[in-house]
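Chemist: My structure is in data-v7.txt, and what it holds is compact mmCIF, C-alpha atoms:
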```txt
# COMPACT_ATOMS: atom_id res chain seq x y z
CA ASP A 1 -71.64 -77.63 240.55
CA ALA A 2 -71.03 -75.17 243.39
CA GLY A 3 -67.86 -76.88 244.64
CA ILE A 4 -66.68 -75.27 247.83
CA THR A 5 -68.17 -72.04 249.13
CA GLN A 6 -67.24 -69.80 252.02
CA SER A 7 -69.28 -67.19 253.83
CA PRO A 8 -69.09 -64.41 254.61
CA ARG A 9 -66.60 -63.29 251.98
CA TYR A 10 -65.87 -60.12 253.95
CA LYS A 11 -66.28 -59.47 257.65
CA ILE A 12 -65.32 -56.62 259.94
CA THR A 13 -65.61 -57.22 263.65
CA GLU A 14 -64.29 -55.90 266.93
CA THR A 15 -61.82 -57.34 269.37
CA GLY A 16 -63.44 -59.79 271.75
CA ARG A 17 -66.38 -60.72 269.55
CA GLN A 18 -67.09 -64.23 268.41
CA VAL A 19 -66.98 -64.80 264.67
CA THR A 20 -67.90 -67.89 262.66
CA LEU A 21 -66.72 -68.48 259.13
CA MET A 22 -68.72 -71.03 257.18
CA CYS A 23 -67.45 -73.53 254.65
CA HIS A 24 -69.63 -75.81 252.55
CA GLN A 25 -68.58 -78.32 249.90
CA THR A 26 -70.76 -80.25 247.49
CA TRP A 27 -68.25 -82.93 246.46
CA SER A 28 -68.55 -85.14 249.57
CA HIS A 29 -64.78 -84.89 250.02
CA SER A 30 -63.59 -86.57 253.19
CA TYR A 31 -60.85 -84.09 254.06
CA MET A 32 -61.41 -80.45 254.84
CA PHE A 33 -58.97 -77.79 255.95
CA TRP A 34 -58.84 -74.25 257.24
CA TYR A 35 -55.85 -72.08 256.38
CA ARG A 36 -54.98 -68.47 257.01
CA GLN A 37 -52.91 -66.41 254.63
CA ASP A 38 -50.97 -63.34 255.77
CA LEU A 39 -48.59 -61.11 253.86
CA GLY A 40 -45.09 -62.53 253.86
CA HIS A 41 -46.24 -65.92 255.08
CA GLY A 42 -47.28 -69.04 253.30
CA LEU A 43 -50.66 -70.55 253.96
CA ARG A 44 -50.72 -71.82 257.54
CA LEU A 45 -52.94 -74.66 258.62
CA ILE A 46 -55.38 -73.88 261.42
CA TYR A 47 -57.41 -77.09 261.61
CA TYR A 48 -58.18 -80.05 259.46
CA SER A 49 -60.78 -82.79 259.44
CA ALA A 50 -60.49 -86.30 258.04
CA ALA A 51 -64.23 -87.04 258.24
CA ALA A 52 -67.37 -85.99 260.06
CA ASP A 53 -66.72 -85.71 263.80
CA ILE A 54 -62.95 -86.07 263.33
CA THR A 55 -60.89 -82.89 263.62
CA ASP A 56 -57.31 -82.09 264.51
CA LYS A 57 -55.20 -79.05 265.18
CA GLY A 58 -52.83 -77.56 262.71
CA GLU A 59 -49.89 -75.23 263.11
CA VAL A 60 -51.81 -72.15 264.33
CA SER A 61 -54.92 -73.42 266.10
CA ASP A 62 -54.85 -71.24 269.24
CA GLY A 63 -57.96 -69.07 269.47
CA TYR A 64 -59.90 -71.10 266.91
CA VAL A 65 -62.52 -73.81 267.21
CA VAL A 66 -63.97 -76.06 264.52
CA SER A 67 -66.72 -78.62 264.23
CA ARG A 68 -67.77 -81.06 261.58
CA SER A 69 -71.11 -82.63 262.30
CA LYS A 70 -71.80 -83.16 258.58
CA THR A 71 -69.38 -84.10 255.85
CA GLU A 72 -70.21 -81.05 253.77
CA ASN A 73 -69.81 -78.35 256.42
CA PHE A 74 -66.73 -77.24 258.32
CA PRO A 75 -67.30 -73.99 260.22
CA LEU A 76 -64.42 -72.13 261.85
CA THR A 77 -65.11 -70.07 264.98
CA LEU A 78 -62.94 -67.38 266.48
CA GLU A 79 -64.08 -67.48 270.09
CA SER A 80 -62.82 -64.02 271.04
CA ALA A 81 -61.37 -62.25 268.04
CA THR A 82 -58.03 -60.48 268.33
CA ARG A 83 -56.35 -58.04 265.95
CA SER A 84 -53.72 -60.67 265.14
CA GLN A 85 -56.49 -62.78 263.63
CA THR A 86 -57.03 -60.22 260.89
CA SER A 87 -56.30 -62.32 257.83
CA VAL A 88 -57.63 -64.04 254.76
CA TYR A 89 -59.07 -67.43 255.63
CA PHE A 90 -59.28 -70.22 253.10
CA CYS A 91 -61.25 -73.40 253.41
CA ALA A 92 -60.12 -76.35 251.29
CA SER A 93 -61.18 -79.90 250.65
CA SER A 94 -59.60 -83.04 249.29
CA GLU A 95 -61.00 -86.34 248.16
CA SER A 96 -58.67 -88.45 250.30
CA VAL A 97 -55.34 -88.32 252.07
CA ARG A 98 -53.81 -89.84 248.97
CA ARG A 99 -55.18 -86.95 246.99
CA THR A 100 -53.84 -84.59 249.62
CA ASN A 101 -50.44 -86.14 249.19
CA THR A 102 -50.62 -85.37 245.51
CA GLY A 103 -51.29 -81.76 246.37
CA GLU A 104 -54.83 -81.69 245.06
CA LEU A 105 -56.53 -79.34 247.44
CA PHE A 106 -59.57 -77.44 246.21
CA PHE A 107 -60.04 -74.06 247.81
CA GLY A 108 -62.95 -71.80 248.49
CA GLU A 109 -62.71 -68.16 247.44
CA GLY A 110 -61.60 -67.02 250.87
CA SER A 111 -63.04 -64.97 253.71
CA ARG A 112 -61.39 -61.64 254.45
CA LEU A 113 -61.63 -60.88 258.14
CA THR A 114 -60.70 -57.59 259.76
CA VAL A 115 -60.61 -57.33 263.53
CA LEU A 116 -60.62 -53.75 264.81
CA ARG O 1 -34.93 -70.37 258.62
CA LYS O 2 -38.31 -70.93 257.01
CA GLU O 3 -39.14 -74.48 256.00
CA VAL O 4 -40.01 -73.41 252.47
CA GLU O 5 -38.51 -70.25 251.02
CA GLN O 6 -39.23 -68.34 247.86
CA ASP O 7 -37.99 -65.09 246.40
CA PRO O 8 -41.05 -62.86 246.80
CA GLY O 9 -40.26 -60.90 243.62
CA PRO O 10 -41.93 -59.30 241.85
CA PHE O 11 -40.41 -60.64 238.67
CA ASN O 12 -41.20 -58.19 235.88
CA VAL O 13 -40.92 -60.01 232.58
CA PRO O 14 -41.81 -59.00 229.01
CA GLU O 15 -44.41 -61.03 227.21
CA GLY O 16 -42.86 -63.92 225.30
CA ALA O 17 -39.83 -64.22 227.55
CA THR O 18 -38.77 -67.21 229.58
CA VAL O 19 -38.77 -66.89 233.33
CA ALA O 20 -37.67 -69.25 236.06
CA PHE O 21 -37.84 -69.17 239.81
CA ASN O 22 -36.75 -71.45 242.57
CA CYS O 23 -38.03 -72.60 245.91
CA THR O 24 -35.82 -74.09 248.61
CA TYR O 25 -36.94 -76.42 251.36
CA SER O 26 -35.21 -77.28 254.60
CA ASN O 27 -36.35 -80.81 255.36
CA SER O 28 -34.40 -83.36 253.37
CA ALA O 29 -37.06 -85.97 254.15
CA SER O 30 -39.68 -84.10 252.15
CA GLN O 31 -41.71 -86.44 250.04
CA SER O 32 -43.61 -84.52 247.42
CA PHE O 33 -43.62 -81.11 245.82
CA PHE O 34 -46.08 -78.90 244.02
CA TRP O 35 -46.57 -75.55 242.39
CA TYR O 36 -49.80 -73.66 242.94
CA ARG O 37 -50.89 -70.51 241.20
CA GLN O 38 -52.76 -67.72 242.98
CA ASP O 39 -54.29 -64.79 241.13
CA CYS O 40 -54.69 -61.49 242.95
CA ARG O 41 -57.32 -61.77 245.70
CA LYS O 42 -58.27 -65.27 244.57
CA GLU O 43 -57.82 -68.77 245.93
CA PRO O 44 -54.76 -70.93 245.15
CA LYS O 45 -55.13 -73.53 242.43
CA LEU O 46 -52.87 -76.47 241.70
CA LEU O 47 -50.62 -75.76 238.73
CA MET O 48 -48.57 -78.93 238.69
CA SER O 49 -46.89 -81.56 240.77
CA VAL O 50 -43.10 -81.86 240.63
CA TYR O 51 -41.69 -85.29 239.92
CA SER O 52 -38.17 -86.48 240.61
CA SER O 53 -37.30 -86.76 236.94
CA GLY O 54 -38.75 -83.35 236.13
CA ASN O 55 -41.98 -82.83 234.27
CA GLU O 56 -43.52 -80.58 231.70
CA ASP O 57 -47.02 -79.32 231.11
CA GLY O 58 -47.23 -77.21 227.99
CA ARG O 59 -45.14 -74.10 228.56
CA PHE O 60 -44.41 -75.01 232.17
CA THR O 61 -41.51 -77.17 233.33
CA ALA O 62 -40.92 -78.21 236.91
CA GLN O 63 -37.65 -79.60 238.22
CA LEU O 64 -36.61 -81.11 241.53
CA ASN O 65 -33.07 -81.09 242.87
CA ARG O 66 -33.01 -83.22 246.00
CA ALA O 67 -29.27 -82.82 246.56
CA SER O 68 -29.56 -79.05 246.81
CA GLN O 69 -33.10 -79.16 248.18
CA TYR O 70 -34.85 -76.93 245.74
CA ILE O 71 -37.55 -77.09 243.13
CA SER O 72 -37.88 -74.80 240.16
CA LEU O 73 -40.56 -73.62 237.79
CA LEU O 74 -39.76 -72.53 234.25
CA ILE O 75 -42.31 -70.72 232.12
CA ARG O 76 -41.58 -70.40 228.42
CA ASP O 77 -43.19 -67.95 225.99
CA SER O 78 -44.83 -66.14 228.88
CA LYS O 79 -48.33 -64.73 228.41
CA LEU O 80 -50.01 -61.78 230.07
CA SER O 81 -52.33 -64.31 231.71
CA ASP O 82 -49.37 -65.90 233.49
CA SER O 83 -49.24 -62.89 235.80
CA ALA O 84 -49.93 -64.30 239.25
CA THR O 85 -48.25 -65.40 242.43
CA TYR O 86 -46.69 -68.85 242.29
CA LEU O 87 -46.71 -70.82 245.52
CA CYS O 88 -44.28 -73.61 246.25
CA VAL O 89 -45.71 -76.41 248.39
CA VAL O 90 -43.87 -79.25 250.05
CA ASN O 91 -45.31 -82.33 251.69
CA MET O 92 -43.01 -83.24 254.56
CA ASP O 93 -44.24 -86.75 255.06
CA SER O 94 -47.07 -89.07 254.24
CA ASN O 95 -49.83 -87.21 256.03
CA TYR O 96 -51.89 -84.15 255.25
CA GLN O 97 -49.23 -81.65 256.27
CA LEU O 98 -48.45 -79.37 253.35
CA ILE O 99 -45.91 -76.61 253.96
CA TRP O 100 -46.45 -73.51 251.83
CA GLY O 101 -43.98 -70.95 250.64
CA ALA O 102 -45.02 -67.30 250.75
CA GLY O 103 -45.06 -67.11 246.97
CA THR O 104 -43.24 -65.43 244.09
CA LYS O 105 -45.09 -62.67 242.31
CA LEU O 106 -44.79 -62.66 238.53
CA ILE O 107 -45.83 -59.72 236.36
CA ILE O 108 -45.84 -60.18 232.61
CA LYS O 109 -45.69 -56.90 230.72
CA PRO O 110 -46.86 -56.29 227.14
```
Is it possible to express this structure as structure tokens?

Modeler:
Amino acid sequence: DAGITQSPRYKITETGRQVTLMCHQTWSHSYMFWYRQDLGHGLRLIYYSAAADITDKGEVSDGYVVSRSKTENFPLTLESATRSQTSVYFCASSESVRRTNTGELFFGEGSRLTVL
Amino acid sequence: RKEVEQDPGPFNVPEGATVAFNCTYSNSASQSFFWYRQDCRKEPKLLMSVYSSGNEDGRFTAQLNRASQYISLLIRDSKLSDSATYLCVVNMDSNYQLIWGAGTKLIIKP
């Protein structure tokens, strides 16, 4: 059971380039999330999705775009990467909003992005 | 003021000791509370939920103090494998919005 996988795990890019981080889950969870984690900050929500074709902005969505054409995939795109987007990005999924309310998020291993 | 605050530590604790740390939250309307554990360079994983009456899971005890707006995590008989960062998470209302603390780093020493 692969669970939730992210790719690439590590990425170095340059300012202004477009970058896409992939997230794939095998559980058929309805809810998927993208977070970023920076030193001294808690996880901050970028985008979330309640189902295929339904997405909504989180706390720090500027400069990011998501799509969810299939339940199992939730790619995150940085349209024009900036140095401030250097971070660790975590994708997560949850069975339902009730499960989310109980705190049961399941995370991928993270994607470490460096923008030079 | 941050919505969820934690002492970043690190807490350096000898193996076998008891350690406790707190997390404060700013929104008195917060509905639910959790502790996650995150190992170095790994993803967070749910450790336990925090219930109003307090709850225990083996060596771990979680408490909620709504009047003072904090939750706590107590670890008894600490093991080397308990070394990790412990993240406090608060659900502000009934939707998906989880607010994460920056974490408390715990180091258990032999």

Chemist: May I have the residues within 9 Å of Glu5 (chain O) as a PyMOL selection string, using only C-alpha atoms and disregarding those fewer than 4 positions away in the same chain?

Modeler: chain O and resi 1+22-26+88+100-103

Chemist: Let me make sure I understand: among O:Arg76, O:Lys105, O:Lys45, O:Arg37, which one has the smallest atom-to-atom distance to chain A if we use all atoms listed in the file?

Modeler: O:Lys45

Chemist: Between CA of Ile108 (chain O) and CA of Ser78 (chain O), what is the distance in Å, rounded to a tenth?

Modeler: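 Separating CA of Ile108 (chain O) from CA of Ser78 (chain O) is a distance of 7.1 Å.
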
Chemist: Please identify all polymer residues within 8 Å of region 73-83 of chain A, counting only C-alpha atoms, omitting same-chain residues fewer than 6 positions from it, and present them as a count of residues only.

Modeler: 23

Chemist: Find, counting all atoms listed in the file, the residue in O:Leu80, O:Val13, O:Val50, O:Leu106 that gets nearest to Ala62 (chain O).

Modeler: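 The closest residue to Ala62 (chain O) is O:Val50.
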
Chemist: For each of O:Ser68, O:Ser53, O:Gln63, O:Gln97, take the minimum atom-to-atom distance to chain A, counting all atoms listed in the file, then give the residue where this is smallest.

Modeler: O:Gln97

Chemist: Go through chain O and flag each residue having an atom no more than 12 Å from chain A; for those, report the closest pair of atoms plus their distance in Å to one decimal, using all atoms listed in the file, ordered by chain and rising number, as CSV.

Modeler:
```
residue,atom,partner,partner_atom,distance
O:Lys2,CA,A:His41,CA,9.6
O:Glu3,CA,A:Gly42,CA,10.2
O:Val4,CA,A:Gly42,CA,8.5
O:Glu5,CA,A:Gly42,CA,9.1
O:Gln6,CA,A:Gly42,CA,9.7
O:Asp7,CA,A:Gly40,CA,10.6
O:Pro8,CA,A:Gly40,CA,8.1
O:Gly9,CA,A:Gly40,CA,11.4
O:Ser30,CA,A:Asn101,CA,11.3
O:Gln31,CA,A:Asn101,CA,8.8
O:Ser32,CA,A:Asn101,CA,7.2
O:Phe33,CA,A:Gly103,CA,7.7
O:Phe34,CA,A:Gly103,CA,6.4
O:Trp35,CA,A:Gly103,CA,8.8
O:Tyr36,CA,A:Gly103,CA,8.9
O:Arg37,CA,A:Phe107,CA,11.8
O:Gln38,CA,A:Phe107,CA,10.8
O:Asp39,CA,A:Glu109,CA,11.0
O:Cys40,CA,A:Glu109,CA,11.4
O:Arg41,CA,A:Gly110,CA,8.5
O:Lys42,CA,A:Glu109,CA,6.0
O:Glu43,CA,A:Glu109,CA,5.2
O:Pro44,CA,A:Phe107,CA,6.7
O:Lys45,CA,A:Phe106,CA,7.0
O:Leu46,CA,A:Glu104,CA,6.5
O:Leu47,CA,A:Glu104,CA,9.6
O:Met48,CA,A:Gly103,CA,8.6
O:Ser49,CA,A:Gly103,CA,7.1
O:Val50,CA,A:Thr102,CA,9.6
O:Tyr51,CA,A:Thr102,CA,10.5
O:Thr85,CA,A:Gly42,CA,11.5
O:Tyr86,CA,A:Gly42,CA,11.0
O:Leu87,CA,A:Gly42,CA,8.0
O:Cys88,CA,A:Gly42,CA,8.9
O:Val89,CA,A:Gly103,CA,8.0
O:Val90,CA,A:Gly103,CA,8.7
O:Asn91,CA,A:Asn101,CA,6.9
O:Met92,CA,A:Asn101,CA,9.6
O:Asp93,CA,A:Asn101,CA,8.6
O:Ser94,CA,A:Asn101,CA,6.7
O:Asn95,CA,A:Val97,CA,6.9
O:Tyr96,CA,A:Thr100,CA,6.0
O:Gln97,CA,A:Leu45,CA,8.3
O:Leu98,CA,A:Gly103,CA,7.9
O:Ile99,CA,A:Arg44,CA,7.7
O:Trp100,CA,A:Gly42,CA,4.8
O:Gly101,CA,A:Gly42,CA,4.6
O:Ala102,CA,A:Gly42,CA,3.8
O:Gly103,CA,A:Gly42,CA,7.0
O:Thr104,CA,A:Gly40,CA,10.4
O:Lys105,CA,A:Gly40,CA,11.6
```

Chemist: In Å to one decimal, how far is CA of Thr5 (chain A) from CA of Ser84 (chain A)?

Modeler: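 Separating CA of Ser84 (chain A) from CA of Thr5 (chain A) is a distance of 24.4 Å.
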
Chemist: How many Å separate CA of Gln85 (chain A) from CA of Pro10 (chain O)?

Modeler: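 Distance reported for this atom pair: 26.4 Å.
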
Chemist: Tell me, as a list in words, which residues lie within 9 Å of Thr61 (chain O), counting all atoms listed in the file; anything in the same chain fewer than 4 positions away does not count.

Modeler: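 Once the nearby chain positions are removed, what remains is Val50, Gly54, Asn55, Glu56, Asp57, Ser72, Leu73, Leu74, Ile75 and Arg76 of chain O.
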
Chemist: Please, what is the axis-aligned box for every listed atom of region 15-32 of chain O with 6 Å on each side, as centre and edge lengths in Å to one decimal, as lines of an AutoDock Vina configuration file?

Modeler:
```
center_x = -39.4
center_y = -73.7
center_z = 240.3
size_x = 22.0
size_y = 37.4
size_z = 42.1
```

Chemist: Set the distance at 9 Å and use only C-alpha atoms: which residues neighbour Lys109 (chain O) once local chain neighbours fewer than 4 positions away are removed? I'd like the list as a list of chain:residue names.

Modeler: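 Everything that qualifies: O:Asn12, O:Val13, O:Pro14, O:Glu15, O:Lys79, O:Leu80, O:Ser83.
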
Chemist: Quick one: residues within 6 Å of Asp77 (chain O), all atoms listed in the file counted, chain neighbours fewer than 5 positions away excluded, as a ChimeraX atom specification?

Modeler: /O:16-18

Chemist: Include C-alpha atoms and write out the residues we just selected as a PDB file, keeping the file's coordinate frame.

Modeler:
```pdb
ATOM      1  CA  GLY O  16     -42.860 -63.920 225.300  1.00  0.00           C
ATOM      2  CA  ALA O  17     -39.830 -64.220 227.550  1.00  0.00           C
ATOM      3  CA  THR O  18     -38.770 -67.210 229.580  1.00  0.00           C
TER       4      THR O  18
END
```
